[in-house]
Amino acid sequence: WAEALAIDLVLGKLLESIERQKNARLFFFIGLYRDDEISVDHPLLPKLNNLRESSNVKITNIHLSAISKDDLGDMISNELKLPKRLVGDLSDVVYKKTSGHILFAVELLNSMVRDSTIYFSMRRRQFHWKLDRVYSLKTDETVATFIISTLSTLHPDALKALQILSCCGFHTDVAVLELFEESNISPCRGILCSLQYLVD
């Protein structure tokens, strides 16, 4: 989800720094991208080629494949606490719609739970799904588009809370969020309740 400026900033400056400091200590950088979402004119490719051509940089590519249909069936069976033979039709459709991309599959399953396509039957004491609705579900072409469309269904307060939380980095203490909560000038009063709603 990085645009050209961010790619240029991170990889361009990284390469400049490496070339300037030939005797510098070791530096370890991990980047990842989905090669099926990178076209030949994407700004990432020239930067990667520049890094590969540098004599001071060693690049190791690790290609991760999609989850297998069988593994996806195991995952769904485990999550719904049902034998694999009972979730076969559901896992087949999810696999076809996601091509085995695990993040995509998890997001699709979560959306089906949210909209009650997958639901728990108290009478039968197990999960069920509406297969016709599963077949008719529209899915986006990329995981990013799917996640964005999922986020757009959130309550505005919950979305605002996520936006604020994203500014705090990967980890933040509850005390920091409480400061937002207590501030008279903060536009995000109720942030803790909104985040609790998202967690629940």
# chains A, B, ... in the order shown; residues from 1 in each chain; ligands from 1
$ residues_around --residues "Pro43 of chain A" --least-positions-apart "2" --cutoff "9 Å" --atoms "only C-alpha atoms" --output "list in words"
Glu3, Ala4, Ile7, Asp8, Ile38, Val40, Asp41, Leu45, Pro46 and Lys47 of chain A
$ closest_atom_pairs --of "segment 22-123 of chain A" --to "segment 152-158 of chain A" --cutoff "12 Å" --atoms "only C-alpha atoms" --output "JSON lines"
{"residue": "A:Ser111", "atom": "CA", "partner": "A:Thr153", "partner_atom": "CA", "distance": 10.1}
{"residue": "A:Arg114", "atom": "CA", "partner": "A:Thr153", "partner_atom": "CA", "distance": 10.4}
{"residue": "A:Asp115", "atom": "CA", "partner": "A:Thr153", "partner_atom": "CA", "distance": 10.8}
$ write_last_selection --atoms "C-alpha atoms" --output "PDB file, in the first residue's frame"
ATOM      1  CA  SER A 111     -17.483 -10.523   6.766  1.00  0.00           C
ATOM      2  CA  ARG A 114     -20.723 -10.106  10.507  1.00  0.00           C
ATOM      3  CA  ASP A 115     -23.560 -10.205   7.987  1.00  0.00           C
TER       4      ASP A 115
END
$ closest_residue --among "A:Val174, A:Val106, A:Leu44, A:Ile59" --to "Phe28 of chain A" --atoms "only C-alpha atoms"
A:Ile59
$ select_by_dssp --residues "segment 76-159 of chain A" --states "strand (DSSP E or B)" --output "ChimeraX atom specification"
/A:118-121,126-129
